[in-house]
Each structure stands twice: as structure tokens, then as C-alpha cells.
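J.: Starting off with a structure, shown below.
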Amino acid sequence: MVRIGAFLVGLFFAGWLFISFLVGAYSYVTEPPANTVEHEFYLAPKHVSFSFDGPFGKYDKQQLQRGFQVFKEVCSACHSLKFVAFRDLEALGYNEAEVKAIAKQWAIKTPSVDPATGEPSTREPIPADHFPKPFANNVAAAAANNNAIPPDLSLMTKARKHGSAYVYSLLTGFTDQPAELLKAFPDAKTPEGLHFNPYFPNLNLAMAPPLTAEGQVTYGDGTKATVDQMAQDVSAFLTWTAEPKLENRHRAGLATIIFLLIATGLAYMSYQNIWADKKKAAA
Amino acid sequence: MSFPWAEQYTPKHPVMQWVDEKLPLPRLVYNAVGAGYPVPRNLNYFWNFGVLAGLALVIQIVTGVIMAMHYGANDLVAFGTVEQTMRDVNAGWLMRYAHANGASFFFIVVYLHIFRGLYFGSYKAPREMVWLLGLVIFLLMMATAFMGYVLPWGQMSYWGAKVITGLFGAIPVVGEPIQTWLLGGFAPGNASLNRFFSLHFLLPFVIAGVIILHIWALHIPGSSNPTGVEVKGPQDTVPFHPYYTAKDGFGAGVFLIAFSILLFFAPNFLGHPDNYIEANPLSTPAHIVPEWYFWPFYAILRAFTVDFFFIPAKLLGVLAMFASILLLFFLPWLDTSPVRSGRYRPMFRKFWWILLADVAVLGYCGVAPAAEPFVMISQIAAAYYFAHFLIILPLISRFEKPLPLPGSITEAVLAKYGKTDGESAAVPAE
């Protein structure tokens, strides 16, 4: 009885799936799916190597400081960094006094309450504060940015596939729409107010090219601020904001694996030892 | 329970004798996973995965309880508290990555455990109850994993919750009220998050309870073994401790090494980037995909594209997805071959490999976008899945001519070790 029922159920599901397959195959052959402009012109992120790649990777603090400078002078005008606090910057090699000064001089103030009147007001950030947001709320952000809300950058490199390379590619990837794209997909012309970038999944994004000219930022350590350099540095910085514990993780991982290799080796020997008499012919 | 030649628990220390009289808990442990449990001497490494699944559950409970101390089950703060755990809690990143990857490793070892059972016929009499309870654990794990994935309240959490509860919405008439009731609202929200957190905390302990039943049911007939031949005498068994505790210790080491490689060097490899974006009901991700361990079932769900008269395709997909797991409950009565082990079943063995490949193909289709040719591939693969269990297995059991079985476990072992060193030709190929 069980087997007859099973046979019927199996026949039903398998049969109907096969019919669905035939229906799908028929329409696939008669009207093959149209090619999309994203499928043709989207590019995977460029290959770029960073000091934190690989199991032994570490952050380059000089690079993080440069990247932070790019964030401060360029990105932070529109993008928030809400999960990072000023105190976290000590990991970039700044000392306590420097962090205090960075917080104090930050262009955007921290929302607060006037202690005398209770009215909303602002105050200078302190190291314990997270980075204040450039816009009071999403409505203000959208209003100031052609209806697109600039996303928070704290986790950007983990929120995209191959995040560090993605950020780098996006920042250096702005270009004019290729002529062959317009020829093949005349309707896909970048709309007014958007910007073409083949590294962006739907090819057109609201953000204007943020890094446009060499020397846009003047690096304190004398590094030449090419667009490529700035893009790499800010990608490294945003990798740190997304994964501040990467170095701890790599260190702990190495120690754990060495320990486990030794422990597992000993466990194997003890296993062989205990079983020695059972694996011989005359057991 | 157990065989008459099992070693007896004889406490020597007066304190232990005293404890044994009042509460024979050490005796229970001794008989369950100690020297008092005789186990076939020929288990291969595939028999390690039960213990490893238990280890994975312990890792999940320990890391999960610690994470719960820092988590805020509220849709306004959940995402932020998880980030805070990652950044400001001592070793919080370790707890969270261990928990997220631990879930994946739990499923890896459980899938290996299940496919071991499928190959060696572990579901057959007299161990049907072990198999059924195992499936109950599997279902509980799936529910727990799904609800756990919602807790970080990222984009995939939110939209995953929406899609999965939407499955109940496909039920005619009562579907939508059920979905609303499950979510505590018309869309995932604070009420859903709170109940999922509560249940996500509860279910692992339910799993632990069913594991006790699973082991209890196992100990009545005793463990199966790769030959599928039942234990005939004391020469066929070794005490669980120290023989299999030693082997499981080694297995646990290998498991932890693999786990550590992912946890420390590629902790987000199995995750989805979209879950690092806070949940946003107004923005649907381009592709909503579940975690990898659900991909084969997700592919079955999406394989139904044509309505069956009055039954909409979506409902068919939901029914098929649930059926794909529920049919496993009938497996002991579908496969009627008296031979347990795939080693001695040439036809069955081939179809087992096809099933394994089929499930891998389904998994691949489950993560692929719902477009051709993946839908067509998943339709064929899903059709095979149902045909395998419901049509092919019962037929094979009927017509297959099994190979001769060894006379006993010891005979099989001696065939392996009785030859000159390095030669093991007498073992049937797997």
C-alpha cells in the first residue's frame, strides 16, 4: 500500500515536472530569452591586490590613514559611517590626542540637546562618538542627492561581492557609455542625472565620479595622490571599517590551526595505538 | 539495551558506588558512550559524522548563548547590535563567525551522516525509529537555521523571511491568514523578529532532546556497520570507549581544522553580501537566495512553473518541497531489499551516486537566478529526485540481485587484514 501510494505520488511529481520541462523547453526554443544590456556590458571587479589579502594579510596603517583622509575630504560629504567610532581610529596608528583632535575638528557635528533649554542642538564630537551622519534623515539625504540616498559605508566592502575590489573598480570605473552599447541597446542610454559605470550591476548610478583629478587630496606622507592611488587607499580604509578585527582573526586563526594540527596528529597516533591489536590478522 | 557481553559498570571508588546507588547517571553515560556500549569493529570514517553533528550542536549552543547576551531582538536595533558584537564585544567577531559558519558545518556533517545512512541502508529494520528521529532532528535544524538567519535583520534575513512564510500563503483559502499569523503582521517586522529569536533559542534544546531519543533508539539494536551484516558475537564488536572515542577524537580534530580554515580565513565565503545591508522593506534584492543548505529544496520549490489544472504552480512547488523531505520518512518501507549495505547492491549503488549528483545539481540550480536554462535543469533534476525515492528504489529492491554477503563482521575484517600487508583486494569496492 505504501509503495503503491509512493509510486503514484512519484509519478505525479516526476511526470508533472517533465511536462513543465517540455513547456519551458518549447518556449525557450521558440522565443529564446532576450539579451540584456547588464548581461552584455557589466564588468566583474578589476584585479587589485591589497596588503590584507591572504591568510597572513595585515592592514597597511599608512594606507589606512591615507584612505581615511580621502573618506574625510571626499566621501564623508554625503556618506555616513555609522558603525565606526572616532575611538576606533587608534587602530590606524593615531594616538589618543590625535583622535581627540580629529573628532573635535570633524566638519559634521553630533546631534545633541541644549542643556539649558532642552532644544535640539549639536555639539563637537568626542572620541566615544560614532561618526555623525551628514544628513539628518533619509528624506534630507534623498532631497540633496537627486532622490538617491547615499548608502552608509561602514560595511560596504562586505555588502558587495569582492567588496574591496568592487569599491576600487567602481571609483575608477566611470566612463562614457560605449558606442556599441548604444548601438545594440538604443533604449539603454544613461538617464539624465545618472552616471555610467560598467562595474555597477545595473550600469547607471546616481553618484557622480567622486575622484576626478590627481592631487584632489594632498597626502601628508608625500604619496602621489593619483585617482588610482586614492581609490585603492579608500578601498583599503573601507575594508578596515567593515572588518576591523581582520588582523586579530588572522593571528588567532594561525595559532588555532597550528594547535589543531598538533592535537589532531596526537589524536591520530592515539587512535592507531588503541586499534593496533584489532587491525592485525590474528585479532 | 545492548549485547549480553557488554562490559559492566563497576564503580570502585566508594563515592562513585554511593552515587551509583542514588542516581546511576555515570552508569547511563558508561552504557551509552562508554565502554559499556559494544559497537561493530568495522565502522569506517563515515560513522564519525554522528558524533561530529553532536559537536557542531554544542558549538552552536555555546556561541549562540554568548551572542544572545549581546543581541537586541528588536527590528530597530537588531542589525546594529550584531555589528556591535562584531566590533566592541571581546571576541564577539569570533563568536558570530563561529556561529554562522558553525551552522554550515552542522549541515555539512548532517548531510554526510544522512547520505551515509542512505548508502549503507542504516534506515532499514530494525533501525527505522533511528532514521525517523534523525529526520525529525533534520526538520528542527532547518527551522532553527531559517529563524537564526532572520535574526541579524539584514536584507536576506528580511526577504528570506518574507519568501519562506510566503510559502504558507500558497495554501488555498487559509494561506494568507496563516502567513499573517506566523509573522505577527502583514510583513516581517518586530513581532516576527521577536518570536523567531525566542524559537531560535528554544529549538536547539529540543534538538538536543530528540538527539537523546535518536541515540536511545540506536542503542536498542546497536549501531549498523558498513557490511550491513548484524553483529553475531563478541568477536564482532569493540567497546565504544576507548576504540571509537579515540577514532572520534581524531575525526573531531579534522573537523575542527576544516571549520577553522573557513572561520578564520574566509568567514563570509558561505554567506551572502546582501545580509550586510540592513533590512529594507522598500528595496527588494536582485536575487533572493537562502543559505546553501537549502538550495536543493529551493530548486525543487521553483521547478514547478506550470499549473496543474486548478492547482497553481506555486502551491505545487510548496507541496513538492515539503514532500521531498517527508518522503524520506517512508524510506524504510520503500526500499524493501533485505540487504542493507550498498556494498553488496550493485544497482542500488549506481543510483545512489546518481542521487548524490542529482542533489548537487539541484543545489546549483537553487542558487542560480530563476532563469533558463537553470529552471529546465532543475525540473529534470527534481523529477529524478522524486523518481529515485518513490519509483526507482522500490523497483530495484524487487529486481536487483545482491552480491554474496560476508558471513560475519569479523570475517569481513579478517578478509581485509588477513592478507599480506598493503593488500585489501578482498574488500568489495565502494
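Identifiers in the C-alpha cells: chain A, B, ... in order shown; residue index from 1 per chain; ligand index from 1 in order shown.
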Give me, as a tab-separated table, each residue of chain A that comes within 8 Å of chain B, together with its shortest interatomic pair and the distance in Å at one decimal, counting only C-alpha atoms, with rows ordered by chain and rising residue number.

T.:
residue	atom	partner	partner_atom	distance
A:Val2	CA	B:Trp333	CA	7.1
A:Arg3	CA	B:Leu334	CA	5.9
A:Ala6	CA	B:Leu390	CA	5.1
A:Phe7	CA	B:Ile391	CA	5.3
A:Val9	CA	B:Leu390	CA	7.4
A:Gly10	CA	B:Leu390	CA	5.0
A:Leu11	CA	B:Ala387	CA	7.0
A:Phe13	CA	B:Ala383	CA	6.6
A:Ala14	CA	B:Ala383	CA	4.0
A:Gly15	CA	B:Ala383	CA	7.2
A:Trp16	CA	B:Phe308	CA	7.9
A:Leu17	CA	B:Gln379	CA	5.4
A:Phe18	CA	B:Ile380	CA	6.5
A:Ser20	CA	B:Val306	CA	5.6
A:Phe21	CA	B:Met376	CA	5.4
A:Val23	CA	B:Val306	CA	7.9
A:Gly24	CA	B:Met376	CA	6.6
A:Ala25	CA	B:Met376	CA	6.9
A:Tyr28	CA	B:Glu372	CA	7.5
A:Pro33	CA	B:Glu372	CA	7.9
A:Gly54	CA	B:Phe265	CA	7.7
A:Pro55	CA	B:Phe265	CA	5.8
A:Phe83	CA	B:Glu83	CA	7.2
A:Leu155	CA	B:Tyr276	CA	6.5
A:Met156	CA	B:Tyr276	CA	7.9
A:Lys158	CA	B:Pro273	CA	5.9
A:Ala159	CA	B:Pro273	CA	4.3
A:Arg160	CA	B:Pro273	CA	5.2
A:Lys161	CA	B:Pro273	CA	6.1
A:Pro244	CA	B:Arg87	CA	7.1
A:Lys245	CA	B:Arg87	CA	7.3
A:Arg249	CA	B:Phe264	CA	5.7
A:His250	CA	B:Phe264	CA	6.2
A:Ala252	CA	B:Phe264	CA	7.5
A:Gly253	CA	B:Phe264	CA	5.0
A:Thr256	CA	B:Ser260	CA	7.4
A:Ile257	CA	B:Ile257	CA	6.3
A:Leu260	CA	B:Ile257	CA	6.3
A:Leu261	CA	B:Ile257	CA	7.3
A:Ala263	CA	B:Gly253	CA	7.0
A:Thr264	CA	B:Gly253	CA	4.8
A:Gly265	CA	B:Phe250	CA	7.9
A:Ala267	CA	B:Phe250	CA	4.9
A:Tyr268	CA	B:Phe250	CA	5.3
A:Ser270	CA	B:Ala246	CA	6.7
A:Tyr271	CA	B:Ala246	CA	4.9
A:Ile274	CA	B:Tyr243	CA	6.4
A:Trp275	CA	B:Tyr243	CA	6.6
A:Lys279	CA	B:Tyr417	CA	6.4
A:Lys280	CA	B:Tyr417	CA	6.0
A:Ala281	CA	B:Gly418	CA	4.5
A:Ala282	CA	B:Gly418	CA	7.8

J.: Taking N, CA and C atoms for each residue, export the selection above as a compact mmCIF listing (two decimals), in the first residue's frame.

T.:
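What follows is the written file result00.txt:
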# COMPACT_ATOMS: atom_id res chain seq x y z
N VAL A 2 1.86 1.27 0.90
CA VAL A 2 2.79 2.41 0.95
C VAL A 2 3.46 2.58 -0.40
N ARG A 3 3.86 1.43 -0.98
CA ARG A 3 4.62 1.50 -2.22
C ARG A 3 3.75 1.91 -3.40
N ALA A 6 3.27 5.63 -2.95
CA ALA A 6 4.52 6.31 -3.27
C ALA A 6 4.72 6.36 -4.78
N PHE A 7 4.42 5.24 -5.41
CA PHE A 7 4.59 5.17 -6.86
C PHE A 7 3.74 6.23 -7.55
N VAL A 9 2.45 9.03 -6.20
CA VAL A 9 2.94 10.37 -5.87
C VAL A 9 4.19 10.68 -6.70
N GLY A 10 5.09 9.71 -6.77
CA GLY A 10 6.32 9.90 -7.53
C GLY A 10 6.03 10.14 -9.00
N LEU A 11 5.09 9.36 -9.52
CA LEU A 11 4.72 9.50 -10.93
C LEU A 11 4.13 10.89 -11.18
N PHE A 13 4.59 13.80 -9.40
CA PHE A 13 5.58 14.88 -9.32
C PHE A 13 6.57 14.81 -10.49
N ALA A 14 7.11 13.61 -10.70
CA ALA A 14 8.12 13.48 -11.75
C ALA A 14 7.49 13.77 -13.11
N GLY A 15 6.27 13.27 -13.32
CA GLY A 15 5.59 13.47 -14.60
C GLY A 15 5.29 14.94 -14.84
N TRP A 16 4.78 15.59 -13.79
CA TRP A 16 4.41 16.99 -14.00
C TRP A 16 5.65 17.86 -14.19
N LEU A 17 6.73 17.50 -13.50
CA LEU A 17 7.99 18.24 -13.70
C LEU A 17 8.47 18.05 -15.13
N PHE A 18 8.30 16.85 -15.65
CA PHE A 18 8.75 16.59 -17.01
C PHE A 18 7.92 17.40 -18.01
N SER A 20 6.40 20.22 -17.28
CA SER A 20 6.84 21.61 -17.10
C SER A 20 8.12 21.86 -17.87
N PHE A 21 8.99 20.84 -17.85
CA PHE A 21 10.26 20.96 -18.58
C PHE A 21 9.99 21.13 -20.07
N VAL A 23 7.30 22.23 -21.51
CA VAL A 23 6.70 23.55 -21.76
C VAL A 23 7.80 24.61 -21.77
N GLY A 24 8.69 24.54 -20.76
CA GLY A 24 9.78 25.52 -20.67
C GLY A 24 10.72 25.41 -21.85
N ALA A 25 11.04 24.18 -22.23
CA ALA A 25 11.97 23.97 -23.33
C ALA A 25 11.37 24.49 -24.64
N TYR A 28 11.59 28.13 -24.65
CA TYR A 28 13.00 28.51 -24.71
C TYR A 28 13.49 28.47 -26.15
N PRO A 33 15.31 33.72 -24.53
CA PRO A 33 15.30 34.92 -23.69
C PRO A 33 16.15 36.03 -24.31
N GLY A 54 44.87 37.34 1.64
CA GLY A 54 45.52 36.09 2.03
C GLY A 54 45.49 35.86 3.52
N PRO A 55 45.84 34.63 3.93
CA PRO A 55 45.72 34.26 5.34
C PRO A 55 46.68 35.00 6.26
N PHE A 83 28.67 52.79 11.92
CA PHE A 83 29.08 51.75 12.88
C PHE A 83 30.51 51.96 13.39
N LEU A 155 29.94 49.09 6.17
CA LEU A 155 30.03 47.67 5.81
C LEU A 155 30.10 47.47 4.31
N MET A 156 30.36 48.54 3.57
CA MET A 156 30.25 48.46 2.11
C MET A 156 31.07 47.33 1.51
N LYS A 158 31.84 44.54 2.71
CA LYS A 158 31.30 43.19 2.96
C LYS A 158 29.91 43.03 2.36
N ALA A 159 29.31 44.15 1.98
CA ALA A 159 27.95 44.10 1.45
C ALA A 159 27.93 43.97 -0.07
N ARG A 160 29.11 43.85 -0.67
CA ARG A 160 29.19 43.63 -2.11
C ARG A 160 30.12 42.46 -2.35
N LYS A 161 29.90 41.73 -3.43
CA LYS A 161 30.80 40.64 -3.78
C LYS A 161 32.18 41.22 -4.09
N PRO A 244 37.15 45.45 11.09
CA PRO A 244 38.26 45.99 11.88
C PRO A 244 39.08 44.91 12.59
N LYS A 245 38.51 43.74 12.78
CA LYS A 245 39.22 42.69 13.54
C LYS A 245 39.94 41.71 12.63
N ARG A 249 41.78 38.21 13.67
CA ARG A 249 41.24 36.97 13.13
C ARG A 249 42.34 36.15 12.48
N HIS A 250 43.16 36.79 11.65
CA HIS A 250 44.24 36.06 11.00
C HIS A 250 45.22 35.48 12.02
N ALA A 252 44.69 34.82 15.29
CA ALA A 252 44.06 33.75 16.07
C ALA A 252 43.91 32.50 15.22
N GLY A 253 43.62 32.68 13.95
CA GLY A 253 43.43 31.54 13.06
C GLY A 253 44.69 30.73 12.91
N THR A 256 45.34 28.85 16.09
CA THR A 256 44.37 27.76 16.25
C THR A 256 44.72 26.59 15.35
N ILE A 257 45.08 26.89 14.11
CA ILE A 257 45.34 25.81 13.17
C ILE A 257 46.61 25.06 13.55
N LEU A 260 45.63 22.88 16.38
CA LEU A 260 44.78 21.76 15.97
C LEU A 260 45.56 20.71 15.20
N LEU A 261 46.53 21.16 14.40
CA LEU A 261 47.33 20.19 13.64
C LEU A 261 48.09 19.28 14.61
N ALA A 263 47.32 18.72 17.82
CA ALA A 263 46.35 17.91 18.58
C ALA A 263 45.79 16.79 17.74
N THR A 264 45.51 17.08 16.47
CA THR A 264 44.95 16.05 15.61
C THR A 264 45.98 14.97 15.31
N GLY A 265 47.23 15.38 15.16
CA GLY A 265 48.30 14.41 14.96
C GLY A 265 48.40 13.46 16.16
N ALA A 267 46.00 12.86 18.27
CA ALA A 267 44.77 12.07 18.31
C ALA A 267 44.86 10.91 17.32
N TYR A 268 45.50 11.15 16.17
CA TYR A 268 45.63 10.08 15.19
C TYR A 268 46.54 8.98 15.72
N SER A 270 47.09 8.26 18.81
CA SER A 270 46.45 7.52 19.89
C SER A 270 45.38 6.58 19.31
N TYR A 271 44.71 7.02 18.26
CA TYR A 271 43.74 6.16 17.57
C TYR A 271 44.42 4.91 17.02
N ILE A 274 45.54 2.60 19.93
CA ILE A 274 44.46 1.87 20.58
C ILE A 274 43.95 0.74 19.69
N TRP A 275 43.93 0.98 18.40
CA TRP A 275 43.38 -0.01 17.48
C TRP A 275 44.41 -1.04 17.00
N LYS A 279 43.57 -4.41 14.30
CA LYS A 279 43.76 -4.33 12.86
C LYS A 279 44.73 -5.38 12.35
N LYS A 280 45.16 -6.27 13.25
CA LYS A 280 46.04 -7.34 12.80
C LYS A 280 45.21 -8.56 12.43
N ALA A 281 45.83 -9.45 11.71
CA ALA A 281 45.12 -10.64 11.23
C ALA A 281 44.60 -11.47 12.40
N ALA A 282 45.46 -11.69 13.39
CA ALA A 282 45.06 -12.56 14.49
C ALA A 282 44.38 -11.76 15.58

J.: My list of candidates is A:Gln177, A:Gln272, A:Asn197, A:Gln229. Which is closest to Ala44 in chain A when distances are computed with only C-alpha atoms?

T.: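 Among the listed residues, A:Asn197 lies closest to Ala44 in chain A.
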
J.: Out of range 62-249 of chain B, which residues get strand (DSSP E or B) from DSSP, as a PyMOL selection string?

T.: chain B and resi 154+237-239

J.: How would the residues just chosen look if you wrote them out with N, CA and C atoms as a short mmCIF file (atom, residue, chain, number, x, y, z; two decimals), in the first residue's frame?

T.:
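And here's out.cif as it stands now:
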data_model
loop_
_atom_site.label_atom_id
_atom_site.label_comp_id
_atom_site.auth_asym_id
_atom_site.auth_seq_id
_atom_site.Cartn_x
_atom_site.Cartn_y
_atom_site.Cartn_z
N GLY B 154 19.31 41.58 8.26
CA GLY B 154 19.87 42.13 7.03
C GLY B 154 18.83 41.98 5.92
N THR B 237 32.46 -7.09 17.92
CA THR B 237 32.33 -5.74 18.46
C THR B 237 33.56 -5.34 19.25
N VAL B 238 33.69 -4.02 19.43
CA VAL B 238 34.66 -3.46 20.37
C VAL B 238 33.90 -2.49 21.26
N PRO B 239 34.39 -2.26 22.49
CA PRO B 239 33.70 -1.27 23.33
C PRO B 239 33.84 0.13 22.73
#

J.: List as a PDB file with C-alpha atoms, in the first residue's frame the protein and nucleic acid residues near Glu40 in chain A, meaning an atom at most 12 Å away when only C-alpha atoms are counted, but skip any in the same chain fewer than 4 places from it.

T.:
ATOM      1  CA  ALA A  34      16.337  38.383 -24.847  1.00  0.00           C
ATOM      2  CA  ASN A  35      19.840  39.507 -24.045  1.00  0.00           C
ATOM      3  CA  THR A  36      20.059  42.306 -21.500  1.00  0.00           C
ATOM      4  CA  ALA A  44      33.447  41.954 -12.902  1.00  0.00           C
ATOM      5  CA  PRO A 178      30.472  52.806 -25.163  1.00  0.00           C
ATOM      6  CA  GLU A 180      28.489  49.748 -29.245  1.00  0.00           C
ATOM      7  CA  LEU A 181      26.229  49.709 -26.173  1.00  0.00           C
ATOM      8  CA  LEU A 182      24.047  52.462 -27.599  1.00  0.00           C
ATOM      9  CA  ALA A 184      22.946  47.375 -29.505  1.00  0.00           C
ATOM     10  CA  PHE A 185      20.589  48.791 -26.865  1.00  0.00           C
ATOM     11  CA  ALA A 188      19.729  51.918 -22.544  1.00  0.00           C
ATOM     12  CA  PRO A 198      30.268  49.185 -16.035  1.00  0.00           C
ATOM     13  CA  PRO A 201      25.367  45.960 -11.524  1.00  0.00           C
ATOM     14  CA  ASN A 202      22.745  47.966 -13.403  1.00  0.00           C
ATOM     15  CA  LEU A 203      25.346  50.119 -15.135  1.00  0.00           C
TER      16      LEU A 203
END

J.: Applying 12 Å and only C-alpha atoms, which residues near Asp228 in chain A remain after dropping the ones on its own chain fewer than 6 positions away? List them as a PyMOL selection string.

T.: chain A and resi 46+48+67+167-173+211-216+234-235

J.: Ranking B:Arg116, B:Lys12, B:His214, B:His70 by minimum distance to Gly54 in chain B and counting only C-alpha atoms, which one comes first?

T.: B:His214

J.: With only C-alpha atoms as the counted atoms, please give the residues lying no more than 9 Å from Glu247 in chain A, apart from itself and same-chain residues fewer than 4 positions off, as a list in words.

T.: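 The residues that qualify are Phe52, Phe56, Gly57, Lys58, Tyr59, Arg251 and Ala252 of chain A.
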
J.: Excluding range 217-223 of chain B and any residue of its chain fewer than 2 positions from it, enumerate the residues within 12 Å of it, using only C-alpha atoms, and give them as a PyMOL selection string.

T.: chain B and resi 1-4+6+28+31-33+36-43+47+50+117+120-134+210-215+225-232+236-240+244

J.: At a cut-off of 7 Å, using only C-alpha atoms, what residues contact Lys61 in chain A? Leave out same-chain residues fewer than 3 positions from it and give the result as a VMD selection string.

T.: chain A and resid 64 to 65 92 to 93

J.: Run DSSP on the backbone and grab whatever in range 353-424 of chain B lands in helix (DSSP H, G or I); send it over as a PyMOL selection string.

T.: chain B and resi 353-367+374-399+409-417

J.: Please produce a file of the residues just selected, as a short mmCIF file (atom, residue, chain, number, x, y, z; two decimals), in the first residue's frame, where the atoms kept are N, CA and C atoms.

T.:
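File produced: out-v7.cif:
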data_model
loop_
_atom_site.label_atom_id
_atom_site.label_comp_id
_atom_site.auth_asym_id
_atom_site.auth_seq_id
_atom_site.Cartn_x
_atom_site.Cartn_y
_atom_site.Cartn_z
N TRP B 353 24.80 7.03 -6.38
CA TRP B 353 25.71 8.04 -6.91
C TRP B 353 24.96 9.04 -7.78
N ILE B 354 23.99 8.53 -8.56
CA ILE B 354 23.20 9.45 -9.38
C ILE B 354 22.43 10.41 -8.48
N LEU B 355 21.87 9.89 -7.39
CA LEU B 355 21.13 10.74 -6.46
C LEU B 355 22.04 11.83 -5.89
N LEU B 356 23.25 11.43 -5.53
CA LEU B 356 24.19 12.40 -4.96
C LEU B 356 24.47 13.52 -5.96
N ALA B 357 24.73 13.13 -7.20
CA ALA B 357 24.99 14.13 -8.25
C ALA B 357 23.73 14.96 -8.48
N ASP B 358 22.58 14.31 -8.43
CA ASP B 358 21.31 14.99 -8.67
C ASP B 358 21.07 16.08 -7.62
N VAL B 359 21.34 15.75 -6.36
CA VAL B 359 21.14 16.74 -5.30
C VAL B 359 22.13 17.90 -5.47
N ALA B 360 23.35 17.58 -5.92
CA ALA B 360 24.33 18.65 -6.17
C ALA B 360 23.84 19.57 -7.29
N VAL B 361 23.29 18.97 -8.35
CA VAL B 361 22.76 19.77 -9.46
C VAL B 361 21.60 20.63 -8.97
N LEU B 362 20.73 20.04 -8.16
CA LEU B 362 19.61 20.81 -7.60
C LEU B 362 20.13 21.99 -6.79
N GLY B 363 21.17 21.74 -6.00
CA GLY B 363 21.75 22.82 -5.20
C GLY B 363 22.27 23.94 -6.09
N TYR B 364 22.91 23.55 -7.18
CA TYR B 364 23.45 24.55 -8.10
C TYR B 364 22.32 25.37 -8.72
N CYS B 365 21.24 24.69 -9.07
CA CYS B 365 20.10 25.40 -9.65
C CYS B 365 19.41 26.27 -8.60
N GLY B 366 19.49 25.85 -7.35
CA GLY B 366 18.82 26.61 -6.29
C GLY B 366 19.44 27.97 -6.07
N VAL B 367 20.75 28.08 -6.32
CA VAL B 367 21.41 29.37 -6.10
C VAL B 367 21.43 30.20 -7.37
N PHE B 374 18.56 27.20 -16.14
CA PHE B 374 18.59 26.58 -14.81
C PHE B 374 17.25 25.98 -14.42
N VAL B 375 16.15 26.63 -14.85
CA VAL B 375 14.84 26.11 -14.49
C VAL B 375 14.63 24.75 -15.15
N MET B 376 15.03 24.64 -16.41
CA MET B 376 14.85 23.35 -17.10
C MET B 376 15.69 22.27 -16.45
N ILE B 377 16.93 22.63 -16.12
CA ILE B 377 17.81 21.65 -15.47
C ILE B 377 17.20 21.21 -14.13
N SER B 378 16.70 22.20 -13.38
CA SER B 378 16.15 21.85 -12.07
C SER B 378 14.89 20.99 -12.22
N GLN B 379 14.15 21.16 -13.31
CA GLN B 379 12.96 20.33 -13.49
C GLN B 379 13.33 18.87 -13.69
N ILE B 380 14.35 18.65 -14.52
CA ILE B 380 14.79 17.27 -14.74
C ILE B 380 15.37 16.69 -13.44
N ALA B 381 16.18 17.50 -12.77
CA ALA B 381 16.82 17.02 -11.54
C ALA B 381 15.78 16.73 -10.46
N ALA B 382 14.79 17.62 -10.34
CA ALA B 382 13.75 17.40 -9.32
C ALA B 382 12.91 16.17 -9.68
N ALA B 383 12.65 16.00 -10.97
CA ALA B 383 11.88 14.81 -11.39
C ALA B 383 12.65 13.55 -10.99
N TYR B 384 13.98 13.57 -11.20
CA TYR B 384 14.75 12.40 -10.82
C TYR B 384 14.68 12.18 -9.31
N TYR B 385 14.76 13.27 -8.56
CA TYR B 385 14.74 13.14 -7.09
C TYR B 385 13.52 12.35 -6.63
N PHE B 386 12.36 12.75 -7.13
CA PHE B 386 11.13 12.05 -6.72
C PHE B 386 11.10 10.63 -7.28
N ALA B 387 11.52 10.50 -8.53
CA ALA B 387 11.51 9.16 -9.14
C ALA B 387 12.45 8.23 -8.38
N HIS B 388 13.60 8.77 -7.95
CA HIS B 388 14.57 7.93 -7.26
C HIS B 388 13.96 7.25 -6.05
N PHE B 389 13.35 8.07 -5.17
CA PHE B 389 12.87 7.50 -3.91
C PHE B 389 11.55 6.76 -4.08
N LEU B 390 10.67 7.28 -4.93
CA LEU B 390 9.30 6.77 -4.95
C LEU B 390 9.09 5.68 -6.00
N ILE B 391 9.94 5.66 -7.03
CA ILE B 391 9.73 4.67 -8.10
C ILE B 391 10.93 3.74 -8.22
N ILE B 392 12.12 4.33 -8.36
CA ILE B 392 13.29 3.50 -8.67
C ILE B 392 13.67 2.59 -7.50
N LEU B 393 13.76 3.17 -6.28
CA LEU B 393 14.18 2.34 -5.14
C LEU B 393 13.28 1.13 -4.92
N PRO B 394 11.94 1.30 -4.91
CA PRO B 394 11.10 0.12 -4.72
C PRO B 394 11.30 -0.92 -5.82
N LEU B 395 11.54 -0.44 -7.05
CA LEU B 395 11.73 -1.38 -8.16
C LEU B 395 13.06 -2.11 -8.03
N ILE B 396 14.11 -1.36 -7.70
CA ILE B 396 15.42 -2.01 -7.54
C ILE B 396 15.34 -3.11 -6.49
N SER B 397 14.71 -2.76 -5.35
CA SER B 397 14.67 -3.74 -4.27
C SER B 397 14.03 -5.03 -4.75
N ARG B 398 13.20 -4.90 -5.73
CA ARG B 398 12.50 -6.06 -6.21
C ARG B 398 13.33 -6.90 -7.17
N PHE B 399 14.04 -6.19 -8.06
CA PHE B 399 14.66 -6.92 -9.17
C PHE B 399 16.17 -7.12 -9.03
N ILE B 409 30.80 -9.95 10.53
CA ILE B 409 31.63 -8.75 10.53
C ILE B 409 33.10 -9.14 10.63
N THR B 410 33.39 -10.07 11.54
CA THR B 410 34.78 -10.48 11.74
C THR B 410 35.35 -11.08 10.46
N GLU B 411 34.55 -11.87 9.77
CA GLU B 411 35.02 -12.46 8.52
C GLU B 411 35.41 -11.36 7.52
N ALA B 412 34.58 -10.30 7.46
CA ALA B 412 34.88 -9.20 6.55
C ALA B 412 36.15 -8.49 6.97
N VAL B 413 36.32 -8.30 8.29
CA VAL B 413 37.52 -7.62 8.78
C VAL B 413 38.76 -8.46 8.49
N LEU B 414 38.64 -9.76 8.73
CA LEU B 414 39.80 -10.63 8.51
C LEU B 414 40.14 -10.68 7.03
N ALA B 415 39.14 -10.59 6.19
CA ALA B 415 39.42 -10.57 4.76
C ALA B 415 40.26 -9.35 4.42
N LYS B 416 40.02 -8.26 5.17
CA LYS B 416 40.75 -7.03 4.90
C LYS B 416 42.17 -7.10 5.46
N TYR B 417 42.31 -7.60 6.68
CA TYR B 417 43.63 -7.56 7.33
C TYR B 417 44.35 -8.89 7.28
#
